[in-house]
file final-v2.cif (mmCIF, C-alpha atoms)
data_input
#
loop_
_atom_site.label_atom_id
_atom_site.label_comp_id
_atom_site.auth_asym_id
_atom_site.auth_seq_id
_atom_site.Cartn_x
_atom_site.Cartn_y
_atom_site.Cartn_z
CA MET A 1 -6.33 -31.74 56.30
CA GLY A 2 -9.59 -31.45 58.17
CA ALA A 3 -13.27 -31.42 57.33
CA GLY A 4 -14.68 -28.45 55.46
CA ALA A 5 -17.85 -26.77 54.32
CA ALA A 6 -18.16 -28.84 51.16
CA THR A 7 -19.70 -32.29 51.59
CA THR A 8 -18.78 -35.33 49.50
CA VAL A 9 -21.43 -37.11 47.47
CA VAL A 10 -20.91 -40.04 45.11
CA ALA A 11 -23.75 -39.65 42.62
CA ALA A 12 -24.88 -41.28 39.41
CA CYS A 13 -24.03 -39.36 36.27
CA GLY A 14 -24.12 -39.79 32.53
CA GLY A 15 -27.72 -40.91 32.74
CA GLY A 16 -27.05 -42.93 35.88
CA LYS A 17 -26.12 -46.10 33.99
CA LYS A 18 -23.13 -48.03 35.20
CA ASN A 19 -20.77 -49.26 32.53
CA ASP A 20 -20.46 -52.95 33.42
CA LYS A 21 -18.27 -53.70 30.39
CA GLN A 22 -15.49 -51.25 31.15
CA THR A 23 -12.01 -52.38 30.17
CA VAL A 24 -8.90 -51.95 32.30
CA GLY A 25 -8.00 -48.28 32.34
CA GLU A 26 -11.45 -47.20 31.18
CA PRO A 27 -13.18 -44.95 33.76
CA PRO A 28 -16.63 -46.10 34.91
CA VAL A 29 -19.76 -44.12 34.11
CA GLY A 30 -21.91 -43.10 37.06
CA GLN A 31 -19.21 -43.02 39.74
CA MET A 32 -17.99 -39.39 39.80
CA THR A 33 -17.43 -37.90 43.26
CA TYR A 34 -19.21 -34.56 43.81
CA ARG A 35 -18.79 -31.77 46.34
CA THR A 36 -21.53 -29.38 47.39
CA ASN A 37 -21.02 -25.63 47.26
CA PRO A 38 -22.49 -24.34 50.55
CA THR A 39 -23.50 -21.00 48.98
CA THR A 40 -25.55 -22.15 46.00
CA GLY A 41 -25.98 -25.87 46.63
CA ASP A 42 -24.24 -26.68 43.35
CA LYS A 43 -23.17 -30.33 43.19
CA VAL A 44 -19.78 -29.88 41.49
CA SER A 45 -17.69 -32.70 40.02
CA LEU A 46 -14.49 -33.14 42.01
CA LEU A 47 -12.57 -33.14 38.71
CA GLY A 48 -12.88 -29.86 36.82
CA TYR A 49 -11.83 -29.32 33.21
CA GLY A 50 -9.13 -26.64 32.87
CA MET A 51 -9.43 -25.27 29.32
CA MET A 52 -5.91 -23.83 29.14
CA ARG A 53 -4.04 -26.59 27.28
CA LEU A 54 -6.39 -27.44 24.42
CA PRO A 55 -5.31 -29.82 21.65
CA LYS A 56 -4.19 -28.52 18.27
CA LYS A 57 -4.37 -30.10 14.86
CA ASP A 58 -1.23 -32.00 13.90
CA GLY A 59 1.47 -29.71 12.55
CA SER A 60 -0.69 -26.64 13.03
CA ASP A 61 -1.33 -23.81 15.47
CA GLU A 62 -5.07 -24.23 14.87
CA PHE A 63 -7.02 -25.67 17.76
CA ASP A 64 -8.76 -28.97 17.01
CA GLN A 65 -12.37 -28.06 17.75
CA GLU A 66 -13.68 -31.49 16.75
CA LEU A 67 -11.37 -33.20 19.25
CA ILE A 68 -12.21 -30.62 21.93
CA ASN A 69 -15.91 -31.36 21.39
CA GLN A 70 -15.27 -35.10 21.71
CA GLU A 71 -13.28 -34.70 24.93
CA ILE A 72 -15.87 -32.41 26.51
CA ASP A 73 -18.65 -34.85 25.56
CA TYR A 74 -16.69 -37.74 27.07
CA ALA A 75 -16.03 -35.72 30.23
CA ILE A 76 -19.72 -34.91 30.63
CA GLU A 77 -20.67 -38.54 29.99
CA HIS A 78 -18.46 -39.45 32.95
CA GLY A 79 -19.92 -36.84 35.28
CA MET A 80 -17.73 -33.75 34.87
CA ASN A 81 -19.70 -30.52 35.06
CA TYR A 82 -17.18 -27.74 35.85
CA PHE A 83 -15.31 -26.03 32.97
CA ASP A 84 -12.71 -23.35 33.72
CA THR A 85 -11.42 -20.92 31.11
CA SER A 86 -10.15 -17.34 30.69
CA PRO A 87 -9.99 -14.64 27.98
CA VAL A 88 -6.19 -15.06 27.85
CA TYR A 89 -5.91 -18.87 27.65
CA CYS A 90 -4.82 -20.51 24.39
CA GLN A 91 -3.83 -17.25 22.71
CA GLY A 92 -7.23 -15.80 23.52
CA GLN A 93 -9.24 -18.64 21.92
CA SER A 94 -10.11 -20.80 24.92
CA GLU A 95 -13.45 -19.18 25.73
CA ARG A 96 -14.62 -19.48 22.14
CA CYS A 97 -13.57 -23.14 21.89
CA THR A 98 -15.21 -23.87 25.25
CA GLY A 99 -18.44 -22.18 24.23
CA ILE A 100 -18.65 -24.11 20.98
CA ALA A 101 -17.94 -27.44 22.71
CA LEU A 102 -20.54 -26.91 25.43
CA LYS A 103 -23.12 -25.68 22.94
CA ALA A 104 -22.55 -28.78 20.79
CA GLN A 105 -23.08 -31.35 23.55
CA LYS A 106 -26.58 -32.67 24.27
CA ARG A 107 -26.07 -34.62 27.50
CA LEU A 108 -26.85 -31.77 29.92
CA GLN A 109 -29.06 -28.71 29.97
CA ARG A 110 -27.46 -25.34 30.75
CA HIS A 111 -28.30 -25.41 34.46
CA GLN A 112 -26.60 -28.80 34.83
CA TYR A 113 -23.04 -27.65 34.08
CA TYR A 114 -20.95 -24.80 35.47
CA VAL A 115 -18.86 -22.35 33.47
CA ALA A 116 -15.98 -20.54 35.18
CA THR A 117 -14.05 -17.68 33.61
CA LYS A 118 -12.03 -14.70 34.75
CA LEU A 119 -11.54 -10.96 34.58
CA SER A 120 -8.02 -11.21 33.17
CA ASN A 121 -7.37 -7.46 33.10
CA PHE A 122 -3.60 -7.75 33.49
CA ASP A 123 -2.62 -4.87 31.19
CA LYS A 124 -3.34 -1.21 31.89
CA SER A 125 -5.40 -1.00 28.73
CA TYR A 126 -8.07 -2.98 30.60
CA TRP A 127 -7.90 -1.09 33.88
CA SER A 128 -10.68 1.36 33.15
CA LYS A 129 -14.11 0.33 34.33
CA GLU A 130 -15.42 0.44 30.77
CA ALA A 131 -12.66 -1.84 29.40
CA SER A 132 -13.06 -4.37 32.22
CA ILE A 133 -16.84 -4.44 31.77
CA GLN A 134 -16.30 -5.02 28.06
CA MET A 135 -14.03 -7.99 28.82
CA TYR A 136 -16.71 -9.41 31.12
CA HIS A 137 -19.42 -9.09 28.46
CA ASP A 138 -17.13 -10.43 25.76
CA SER A 139 -16.61 -13.56 27.88
CA MET A 140 -20.35 -14.24 27.94
CA LYS A 141 -20.53 -13.69 24.19
CA GLU A 142 -17.63 -16.06 23.47
CA LEU A 143 -18.98 -18.68 25.88
CA GLN A 144 -22.50 -18.30 24.43
CA VAL A 145 -24.07 -17.88 27.86
CA ASP A 146 -26.21 -15.18 29.51
CA TYR A 147 -24.82 -15.80 33.00
CA ILE A 148 -21.53 -17.06 34.44
CA ASP A 149 -21.58 -19.66 37.19
CA TYR A 150 -18.13 -18.97 38.67
CA TYR A 151 -16.40 -15.66 37.93
CA LEU A 152 -12.90 -14.87 39.21
CA LEU A 153 -10.66 -11.88 39.66
CA HIS A 154 -7.70 -13.41 37.85
CA ALA A 155 -4.30 -13.97 39.50
CA VAL A 156 -4.56 -11.40 42.27
CA GLY A 157 -1.40 -10.90 44.29
CA GLY A 158 1.01 -10.26 41.43
CA GLY A 159 2.24 -6.71 41.88
CA GLY A 160 0.94 -6.44 45.45
CA MET A 161 -1.85 -4.28 46.86
CA GLU A 162 -1.11 -1.35 44.57
CA ASN A 163 -1.67 -3.49 41.48
CA PHE A 164 -4.83 -5.03 42.97
CA SER A 165 -6.26 -1.63 43.85
CA GLN A 166 -5.64 -0.30 40.34
CA ARG A 167 -7.17 -3.36 38.67
CA TYR A 168 -10.25 -3.79 40.85
CA LEU A 169 -10.84 -1.11 43.51
CA ASP A 170 -9.96 2.35 42.20
CA ASN A 171 -11.96 1.84 39.00
CA GLY A 172 -15.05 0.52 40.80
CA ILE A 173 -15.07 -2.76 38.88
CA LEU A 174 -15.27 -4.96 41.99
CA ASP A 175 -18.37 -3.05 43.11
CA TYR A 176 -19.81 -3.58 39.62
CA LEU A 177 -19.18 -7.35 39.82
CA LEU A 178 -20.86 -7.48 43.23
CA GLU A 179 -23.90 -5.84 41.62
CA GLU A 180 -23.80 -8.39 38.78
CA ARG A 181 -23.83 -11.19 41.36
CA GLU A 182 -26.79 -9.58 43.07
CA ALA A 183 -28.57 -9.46 39.69
CA GLY A 184 -27.87 -13.17 39.11
CA ARG A 185 -25.64 -12.77 36.04
CA ILE A 186 -22.74 -13.99 38.21
CA ARG A 187 -23.79 -16.91 40.38
CA ASN A 188 -20.53 -17.25 42.36
CA LEU A 189 -17.80 -14.62 42.72
CA GLY A 190 -14.24 -15.42 43.76
CA PHE A 191 -10.60 -14.87 42.91
CA SER A 192 -7.54 -16.86 41.94
CA PHE A 193 -4.38 -16.16 43.92
CA HIS A 194 -0.70 -15.98 43.00
CA GLY A 195 1.89 -13.85 44.75
CA ASP A 196 1.80 -11.28 47.54
CA ILE A 197 0.16 -12.75 50.64
CA GLU A 198 -0.87 -9.25 51.74
CA VAL A 199 -3.51 -9.25 48.99
CA PHE A 200 -4.85 -12.68 50.00
CA ASP A 201 -5.05 -11.66 53.65
CA TYR A 202 -6.77 -8.36 52.76
CA LEU A 203 -9.45 -10.09 50.71
CA LEU A 204 -10.18 -12.65 53.44
CA ALA A 205 -10.15 -9.98 56.14
CA ASN A 206 -12.93 -8.31 54.13
CA HIS A 207 -14.90 -11.51 53.57
CA ASP A 208 -17.91 -10.08 55.42
CA LYS A 209 -17.98 -7.26 52.88
CA TYR A 210 -17.34 -9.22 49.68
CA ARG A 211 -18.76 -12.65 50.67
CA TRP A 212 -16.42 -14.71 48.52
CA ASP A 213 -18.25 -17.76 47.21
CA PHE A 214 -15.01 -19.62 46.41
CA VAL A 215 -11.27 -19.01 46.02
CA GLN A 216 -8.87 -20.69 43.60
CA ILE A 217 -5.46 -21.63 44.99
CA GLN A 218 -2.47 -23.70 43.95
CA LEU A 219 -2.39 -26.87 46.03
CA ASN A 220 -0.37 -30.05 45.64
CA TYR A 221 1.94 -32.11 47.83
CA LEU A 222 4.96 -29.98 46.92
CA ASP A 223 3.28 -26.60 47.44
CA TRP A 224 1.67 -27.72 50.71
CA THR A 225 4.92 -27.12 52.61
CA TYR A 226 7.54 -26.00 50.08
CA ALA A 227 5.89 -23.27 47.96
CA ASN A 228 7.76 -20.52 49.78
CA GLU A 229 11.06 -22.39 49.45
CA MET A 230 10.57 -22.76 45.70
CA SER A 231 9.88 -19.03 45.40
CA ASP A 232 9.79 -16.44 48.17
CA ALA A 233 6.95 -14.76 46.25
CA ASN A 234 4.66 -17.78 46.83
CA THR A 235 2.85 -18.96 49.95
CA ASP A 236 2.55 -22.51 51.27
CA ALA A 237 -0.75 -24.12 50.28
CA SER A 238 -1.27 -25.30 53.86
CA TYR A 239 -1.71 -21.66 54.95
CA LEU A 240 -3.99 -20.73 52.04
CA TYR A 241 -6.23 -23.75 52.48
CA GLU A 242 -6.56 -23.42 56.25
CA GLU A 243 -7.45 -19.72 56.01
CA LEU A 244 -10.24 -20.56 53.57
CA HIS A 245 -11.32 -23.64 55.51
CA LYS A 246 -11.83 -21.86 58.82
CA ARG A 247 -14.09 -19.32 57.06
CA GLY A 248 -16.07 -22.00 55.23
CA ILE A 249 -14.97 -20.77 51.79
CA PRO A 250 -14.70 -23.63 49.25
CA ALA A 251 -11.32 -23.98 47.55
CA VAL A 252 -10.94 -24.59 43.82
CA ILE A 253 -7.57 -26.20 43.18
CA MET A 254 -5.24 -25.36 40.31
CA GLU A 255 -1.93 -27.00 39.39
CA PRO A 256 -2.45 -30.33 41.19
CA LEU A 257 0.44 -31.70 39.09
CA LEU A 258 2.47 -28.47 39.05
CA GLY A 259 2.31 -28.45 35.26
CA GLY A 260 3.42 -32.08 35.08
CA ARG A 261 6.32 -31.80 37.55
CA LEU A 262 4.67 -34.26 39.91
CA VAL A 263 4.83 -36.84 37.15
CA LYS A 264 8.07 -35.97 35.39
CA ASP A 265 10.10 -34.86 38.43
CA VAL A 266 9.30 -37.90 40.57
CA PRO A 267 12.46 -40.03 41.03
CA ALA A 268 12.34 -43.52 39.51
CA TYR A 269 12.63 -45.28 42.89
CA VAL A 270 9.66 -43.25 44.17
CA VAL A 271 7.66 -44.29 41.11
CA ASP A 272 8.54 -47.90 41.95
CA GLU A 273 7.21 -47.44 45.49
CA MET A 274 3.98 -45.90 44.19
CA LYS A 275 3.51 -48.77 41.76
CA ARG A 276 4.20 -51.30 44.50
CA ARG A 277 1.45 -49.78 46.64
CA GLU A 278 -1.06 -49.12 43.84
CA PRO A 279 -0.07 -51.17 40.77
CA GLN A 280 -3.13 -50.15 38.73
CA ARG A 281 -2.82 -46.41 39.39
CA SER A 282 -0.67 -43.86 37.59
CA VAL A 283 1.90 -41.58 39.23
CA ALA A 284 -0.42 -38.64 38.45
CA SER A 285 -3.27 -40.26 40.39
CA TRP A 286 -1.36 -39.86 43.66
CA ALA A 287 -1.23 -36.10 43.15
CA PHE A 288 -4.90 -35.92 42.15
CA ARG A 289 -5.99 -37.95 45.15
CA TYR A 290 -3.88 -35.68 47.36
CA ALA A 291 -5.54 -32.54 45.98
CA GLY A 292 -9.03 -34.01 46.19
CA THR A 293 -8.85 -35.51 49.69
CA PRO A 294 -9.45 -32.30 51.77
CA GLU A 295 -13.20 -31.92 52.20
CA GLY A 296 -12.97 -28.14 51.83
CA VAL A 297 -11.98 -28.61 48.18
CA LEU A 298 -14.85 -27.99 45.76
CA THR A 299 -13.13 -29.11 42.54
CA VAL A 300 -9.64 -29.88 41.25
CA LEU A 301 -8.76 -28.41 37.86
CA SER A 302 -6.68 -30.21 35.29
CA GLY A 303 -5.64 -28.97 31.86
CA MET A 304 -6.17 -32.14 29.82
CA THR A 305 -4.87 -32.01 26.26
CA PHE A 306 -5.22 -35.66 25.30
CA MET A 307 -7.97 -38.21 25.82
CA GLU A 308 -5.61 -40.50 27.77
CA HIS A 309 -5.02 -37.68 30.29
CA LEU A 310 -8.77 -37.22 30.67
CA LYS A 311 -9.39 -40.93 31.19
CA ASP A 312 -6.60 -41.32 33.74
CA ASN A 313 -7.78 -38.32 35.75
CA LEU A 314 -11.36 -39.58 35.69
CA LEU A 315 -10.13 -42.85 37.19
CA SER A 316 -8.85 -40.85 40.19
CA TYR A 317 -12.28 -39.36 40.93
CA CYS A 318 -14.79 -41.96 39.69
CA PRO A 319 -14.97 -42.35 42.64
CA LEU A 320 -12.27 -40.70 44.77
CA LYS A 321 -10.34 -43.03 47.04
CA PRO A 322 -9.17 -40.55 49.71
CA LEU A 323 -5.59 -40.80 50.85
CA THR A 324 -4.96 -42.41 54.19
CA GLU A 325 -3.06 -40.42 56.81
CA GLU A 326 -0.02 -42.62 56.15
CA GLU A 327 -0.19 -41.93 52.40
CA GLN A 328 -0.49 -38.20 53.03
CA ARG A 329 2.60 -38.26 55.23
CA LEU A 330 4.46 -40.21 52.53
CA LEU A 331 3.73 -37.49 49.96
CA ASP A 332 4.02 -34.50 52.32
CA THR A 333 7.35 -35.43 53.80
CA LYS A 334 9.35 -38.16 52.14
CA ILE A 335 8.47 -37.69 48.46
CA ALA A 336 8.14 -33.89 48.52
CA HIS A 337 11.47 -33.62 50.33
CA GLN A 338 13.18 -35.86 47.79
CA ILE A 339 11.84 -33.83 44.87
CA MET A 340 12.98 -30.60 46.53
CA GLU A 341 16.48 -32.06 46.93
CA GLY A 342 16.60 -32.51 43.15
CA GLU A 343 16.97 -28.73 42.66
CA THR A 344 14.75 -28.65 39.61
CA ILE A 345 13.44 -25.49 37.95
CA PRO A 346 9.98 -24.79 39.48
CA CYS A 347 8.20 -24.44 36.11
CA ASN A 348 4.56 -25.56 36.10
CA ASN A 349 4.12 -25.24 32.32
CA CYS A 350 1.46 -22.50 32.57
CA GLU A 351 2.95 -20.86 29.44
CA TYR A 352 2.40 -17.32 30.76
CA CYS A 353 5.96 -16.64 29.55
CA MET A 354 4.99 -17.56 26.00
CA PRO A 355 5.21 -16.83 23.17
CA CYS A 356 8.91 -16.03 23.13
CA PRO A 357 9.65 -13.41 20.42
CA TYR A 358 12.65 -15.53 19.37
CA GLY A 359 10.72 -18.80 19.21
CA ILE A 360 12.23 -20.52 22.28
CA ASP A 361 10.06 -23.25 23.81
CA ILE A 362 10.68 -22.13 27.38
CA PRO A 363 8.52 -24.70 29.24
CA GLY A 364 9.68 -27.50 26.93
CA ASN A 365 13.35 -26.80 27.70
CA PHE A 366 12.69 -26.58 31.45
CA LEU A 367 10.67 -29.82 31.55
CA HIS A 368 13.36 -31.69 29.62
CA TYR A 369 16.08 -30.38 31.95
CA ASN A 370 14.04 -31.28 35.05
CA LYS A 371 13.46 -34.86 33.93
CA TRP A 372 17.17 -35.47 33.46
CA LYS A 373 18.00 -33.69 36.70
CA VAL A 374 15.59 -35.84 38.69
CA ASP A 375 16.90 -39.02 37.07
CA GLY A 376 20.46 -38.02 38.04
CA ARG A 377 21.65 -38.31 34.44
CA LEU A 378 22.50 -34.72 33.49
CA PRO A 379 25.90 -34.69 31.69
CA GLU A 380 27.50 -32.25 34.11
CA ASN A 381 30.84 -33.89 34.95
CA PRO A 382 33.04 -35.20 32.08
CA LYS A 383 34.95 -37.32 34.62
CA ASP A 384 31.85 -39.33 35.49
CA LYS A 385 32.09 -42.89 34.13
CA ASN A 386 28.65 -42.64 32.51
CA TYR A 387 29.25 -39.17 31.09
CA GLN A 388 29.59 -40.10 27.40
CA LYS A 389 26.44 -42.24 27.40
CA ASN A 390 24.45 -39.65 29.35
CA ARG A 391 25.78 -36.86 27.12
CA ARG A 392 24.70 -38.67 23.95
CA ASP A 393 21.28 -39.71 25.30
CA PHE A 394 20.63 -36.22 26.72
CA LEU A 395 21.35 -34.48 23.39
CA ILE A 396 19.35 -36.98 21.34
CA SER A 397 16.32 -36.73 23.63
CA LEU A 398 16.59 -32.92 23.66
CA ASP A 399 16.50 -32.72 19.86
CA ARG A 400 13.47 -35.00 19.87
CA ALA A 401 11.67 -33.01 22.56
CA VAL A 402 12.58 -29.48 21.42
CA PRO A 403 13.50 -28.48 17.84
CA ARG A 404 16.99 -26.95 17.47
CA ASP A 405 15.63 -23.50 16.60
CA ARG A 406 13.60 -23.49 19.85
CA GLN A 407 16.43 -24.42 22.22
CA PRO A 408 17.96 -22.10 24.87
CA ASP A 409 20.96 -20.89 22.83
CA HIS A 410 18.58 -18.61 20.89
CA CYS A 411 17.86 -16.53 24.02
CA ILE A 412 19.16 -12.94 23.76
CA GLN A 413 18.16 -11.98 27.34
CA CYS A 414 15.44 -9.56 26.17
CA ASN A 415 13.49 -10.32 29.39
CA ARG A 416 10.12 -10.33 27.64
CA CYS A 417 9.42 -13.71 29.24
CA ILE A 418 9.53 -12.29 32.75
CA ARG A 419 8.35 -8.71 32.29
CA ARG A 420 5.59 -7.24 30.22
CA ASN A 421 6.17 -3.83 28.68
CA LYS A 422 6.80 -1.14 31.25
CA ASP A 423 3.38 0.46 30.76
CA SER A 424 1.37 -2.74 31.10
CA GLY A 425 0.99 -2.43 34.87
CA LYS A 426 1.99 -6.02 35.57
CA ALA A 427 5.68 -6.49 36.16
CA ASP A 428 5.93 -10.26 36.23
CA ARG A 429 4.68 -12.85 33.78
CA CYS A 430 5.86 -15.95 35.66
CA PRO A 431 3.69 -16.84 38.70
CA GLN A 432 6.60 -18.87 40.09
CA LYS A 433 8.99 -15.87 39.81
CA ILE A 434 11.57 -17.90 37.88
CA ASN A 435 14.49 -15.91 36.49
CA ILE A 436 13.82 -17.40 33.06
CA PRO A 437 16.73 -15.84 31.09
CA GLN A 438 19.18 -16.96 33.78
CA GLU A 439 17.85 -20.53 33.74
CA LEU A 440 17.90 -20.65 29.93
CA GLU A 441 21.52 -19.48 29.96
CA LYS A 442 22.39 -22.23 32.46
CA ILE A 443 20.82 -24.90 30.25
CA ALA A 444 22.42 -23.44 27.11
CA ARG A 445 25.87 -23.72 28.72
CA LEU A 446 25.15 -27.33 29.69
CA ILE A 447 24.12 -28.15 26.11
CA GLU A 448 27.13 -26.38 24.62
CA ASP A 449 29.54 -28.23 26.93
CA ALA A 450 27.89 -31.56 26.14
CA ARG A 451 28.21 -30.97 22.39
CA ARG A 452 31.82 -29.83 22.74
CA HIS A 453 32.81 -32.97 24.64
CA GLY A 454 31.47 -35.27 21.94
#

call {"tool": "encode", "arguments": {"input": "final-v2.cif", "output": "structure tokens"}}
result
Amino acid sequence: MGAGAATTVVAACGGGKKNDKQTVGEPPVGQMTYRTNPTTGDKVSLLGYGMMRLPKKDGSDEFDQELINQEIDYAIEHGMNYFDTSPVYCQGQSERCTGIALKAQKRLQRHQYYVATKLSNFDKSYWSKEASIQMYHDSMKELQVDYIDYYLLHAVGGGGMENFSQRYLDNGILDYLLEEREAGRIRNLGFSFHGDIEVFDYLLANHDKYRWDFVQIQLNYLDWTYANEMSDANTDASYLYEELHKRGIPAVIMEPLLGGRLVKDVPAYVVDEMKRREPQRSVASWAFRYAGTPEGVLTVLSGMTFMEHLKDNLLSYCPLKPLTEEEQRLLDTKIAHQIMEGETIPCNNCEYCMPCPYGIDIPGNFLHYNKWKVDGRLPENPKDKNYQKNRRDFLISLDRAVPRDRQPDHCIQCNRCIRRNKDSGKADRCPQKINIPQELEKIARLIEDARRHG
């Protein structure tokens, strides 16, 4: 994937002391891989903490701040220093939870960690310059900081150039953010991209004017070649990365696991091959190593809900073992092709479609369907010799994964999951452009047929 502007450094962290008594599966202290931002010289941990899937207290919708604090402290102990959030993550509570967690930790001083957040002015109510500026200042208040290290125009591309112009150009807010960078209250200015490639190309064509310090893109071994096949509204990561790379703009990577698809959608025989090659590594580690191998990548974001996720991801980058060319070809061609042949629903569990007004767990239903599709065990043909066993197992596992009142048969096709209200200014909720009601109806029919054939 080529050499880039960011250089790789394996540095001591967490006080520089190596943990000589680490147990199997326990990530070592002092071995994090870092990349250097060519604009500011920031030494950024190759693993970044995505604060969009925070843990909740058992049986509650309340976020578990104590556990969040513990996970952030553990991450910092192991060298992580990049924390990515947004005003809209976690029902609007992510920035506050992030600010509390970072304020509570004592391992690093403020200049030793980097806070990233976004101007998430999706709705028209935030399109005025005054409302967008208020969102920007509210972010600093919630995060308890007086400057932001990495600030992004959030999810540009959805709605095309007209939407981008209304959100950032016509109201003068982009000019305002450039002034804030000049004043030092924004240290790095960039954007995250989903959607219309015309917007991406416009922003890079004007790089001399805006001087983008970084750009956040979706990159993984499925999106590298197949993003456009999964949705004609998306662009292959190979194009996005190379366009940034040739301009020396560092790439921040989102969705390295495609919301868990590159763990759950991997066929069992592929998992066996991965385990044969790297017995001590998880399936997820292959995707993380893939995303972290290009030298133009500054950091790879992961939304880590549980401590075991955090530990496993740290093992991938403490330090990074770059993929060989042969391993890259294995993922790029053979494995990606096999996953694409599975015809799964391209949901990456971002939860932008949520909450459903009728309580349906949309990502949960899609992820359950995909797992059974990949395993070749969906109860689709009553004449199949394994149909009755697959039917029973499928229904039992569904009821365990998704409560009955949150399953697809409760969908009334209101379309709120794919379109915001007509005056919001943003037509699509789903970055992957999934026809969510149609897919829910398909799964509901499958479930109904399986129950009827019992």

call {"tool": "resolve_selection", "arguments": {"input": "final-v2.cif", "expression": "the PyMOL selection byres ((chain A and resi 186) around 9)", "output": "JSON, numbers by chain"}}
result
{"A": [147, 148, 149, 150, 151, 177, 178, 179, 180, 181, 182, 183, 184, 185, 187, 188, 189]}

call {"tool": "atom_distance", "arguments": {"input": "final-v2.cif", "atom1": "atom CA of Ala444 of chain A", "atom2": "atom CA of His337 of chain A"}}
result
27.6 Å

call {"tool": "residues_around", "arguments": {"input": "final-v2.cif", "residues": "segment 268-271 of chain A", "least_positions_apart": "3", "cutoff": "10 Å", "atoms": "all atoms listed in the file", "output": "ChimeraX atom specification"}}
result
/A:263-265,274-277,282-283,334-335,338-339,374-376

call {"tool": "resolve_selection", "arguments": {"input": "final-v2.cif", "expression": "the PyMOL selection byres ((chain A and resi 79-83) around 7)", "output": "ChimeraX atom specification"}}
result
/A:13-14,30,32,44-45,47-51,75-78,84-85,113-116

call {"tool": "write_last_selection", "arguments": {"input": "final-v2.cif", "atoms": "C-alpha atoms", "output": "tab-separated table (two decimals), in the frame of the given file"}}
result
chain	number	residue	atom	x	y	z
A	13	CYS	CA	-24.03	-39.36	36.27
A	14	GLY	CA	-24.12	-39.79	32.53
A	30	GLY	CA	-21.91	-43.10	37.06
A	32	MET	CA	-17.99	-39.39	39.80
A	44	VAL	CA	-19.78	-29.88	41.49
A	45	SER	CA	-17.69	-32.70	40.02
A	47	LEU	CA	-12.57	-33.14	38.71
A	48	GLY	CA	-12.88	-29.86	36.82
A	49	TYR	CA	-11.83	-29.32	33.21
A	50	GLY	CA	-9.13	-26.64	32.87
A	51	MET	CA	-9.43	-25.27	29.32
A	75	ALA	CA	-16.03	-35.72	30.23
A	76	ILE	CA	-19.72	-34.91	30.63
A	77	GLU	CA	-20.67	-38.54	29.99
A	78	HIS	CA	-18.46	-39.45	32.95
A	84	ASP	CA	-12.71	-23.35	33.72
A	85	THR	CA	-11.42	-20.92	31.11
A	113	TYR	CA	-23.04	-27.65	34.08
A	114	TYR	CA	-20.95	-24.80	35.47
A	115	VAL	CA	-18.86	-22.35	33.47
A	116	ALA	CA	-15.98	-20.54	35.18

call {"tool": "atom_distance", "arguments": {"input": "final-v2.cif", "atom1": "atom CA of Lys106 of chain A", "atom2": "atom CA of Val145 of chain A"}}
result
15.4 Å

call {"tool": "resolve_selection", "arguments": {"input": "final-v2.cif", "expression": "the PyMOL selection byres ((chain A and resi 406-422) around 10)", "output": "PyMOL selection string"}}
result
chain A and resi 122-123+351-362+364-366+398-399+401-405+423-431+433-445+447-448

call {"tool": "atom_distance", "arguments": {"input": "final-v2.cif", "atom1": "atom CA of Ala155 of chain A", "atom2": "atom CA of His194 of chain A"}}
result
5.4 Å

call {"tool": "closest_residue", "arguments": {"input": "final-v2.cif", "among": "A:Thr36, A:Gln93, A:Ser397, A:Thr333", "to": "Leu378 of chain A", "atoms": "all atoms listed in the file"}}
result
A:Ser397

call {"tool": "residues_around", "arguments": {"input": "final-v2.cif", "residues": "Gly172 of chain A", "least_positions_apart": "2", "cutoff": "12 Å", "atoms": "only C-alpha atoms", "output": "PDB file with C-alpha atoms, keeping the file's coordinate frame"}}
result
ATOM      1  CA  TRP A 127      -7.900  -1.090  33.880  1.00  0.00           C
ATOM      2  CA  SER A 128     -10.680   1.360  33.150  1.00  0.00           C
ATOM      3  CA  LYS A 129     -14.110   0.330  34.330  1.00  0.00           C
ATOM      4  CA  GLU A 130     -15.420   0.440  30.770  1.00  0.00           C
ATOM      5  CA  ALA A 131     -12.660  -1.840  29.400  1.00  0.00           C
ATOM      6  CA  SER A 132     -13.060  -4.370  32.220  1.00  0.00           C
ATOM      7  CA  ILE A 133     -16.840  -4.440  31.770  1.00  0.00           C
ATOM      8  CA  PHE A 164      -4.830  -5.030  42.970  1.00  0.00           C
ATOM      9  CA  SER A 165      -6.260  -1.630  43.850  1.00  0.00           C
ATOM     10  CA  GLN A 166      -5.640  -0.300  40.340  1.00  0.00           C
ATOM     11  CA  ARG A 167      -7.170  -3.360  38.670  1.00  0.00           C
ATOM     12  CA  TYR A 168     -10.250  -3.790  40.850  1.00  0.00           C
ATOM     13  CA  LEU A 169     -10.840  -1.110  43.510  1.00  0.00           C
ATOM     14  CA  ASP A 170      -9.960   2.350  42.200  1.00  0.00           C
ATOM     15  CA  LEU A 174     -15.270  -4.960  41.990  1.00  0.00           C
ATOM     16  CA  ASP A 175     -18.370  -3.050  43.110  1.00  0.00           C
ATOM     17  CA  TYR A 176     -19.810  -3.580  39.620  1.00  0.00           C
ATOM     18  CA  LEU A 177     -19.180  -7.350  39.820  1.00  0.00           C
ATOM     19  CA  LEU A 178     -20.860  -7.480  43.230  1.00  0.00           C
ATOM     20  CA  GLU A 179     -23.900  -5.840  41.620  1.00  0.00           C
TER      21      GLU A 179
END

call {"tool": "closest_residue", "arguments": {"input": "final-v2.cif", "among": "A:Thr235, A:Gln31, A:Gln218, A:Ser86", "to": "Arg53 of chain A", "atoms": "only C-alpha atoms"}}
result
A:Ser86
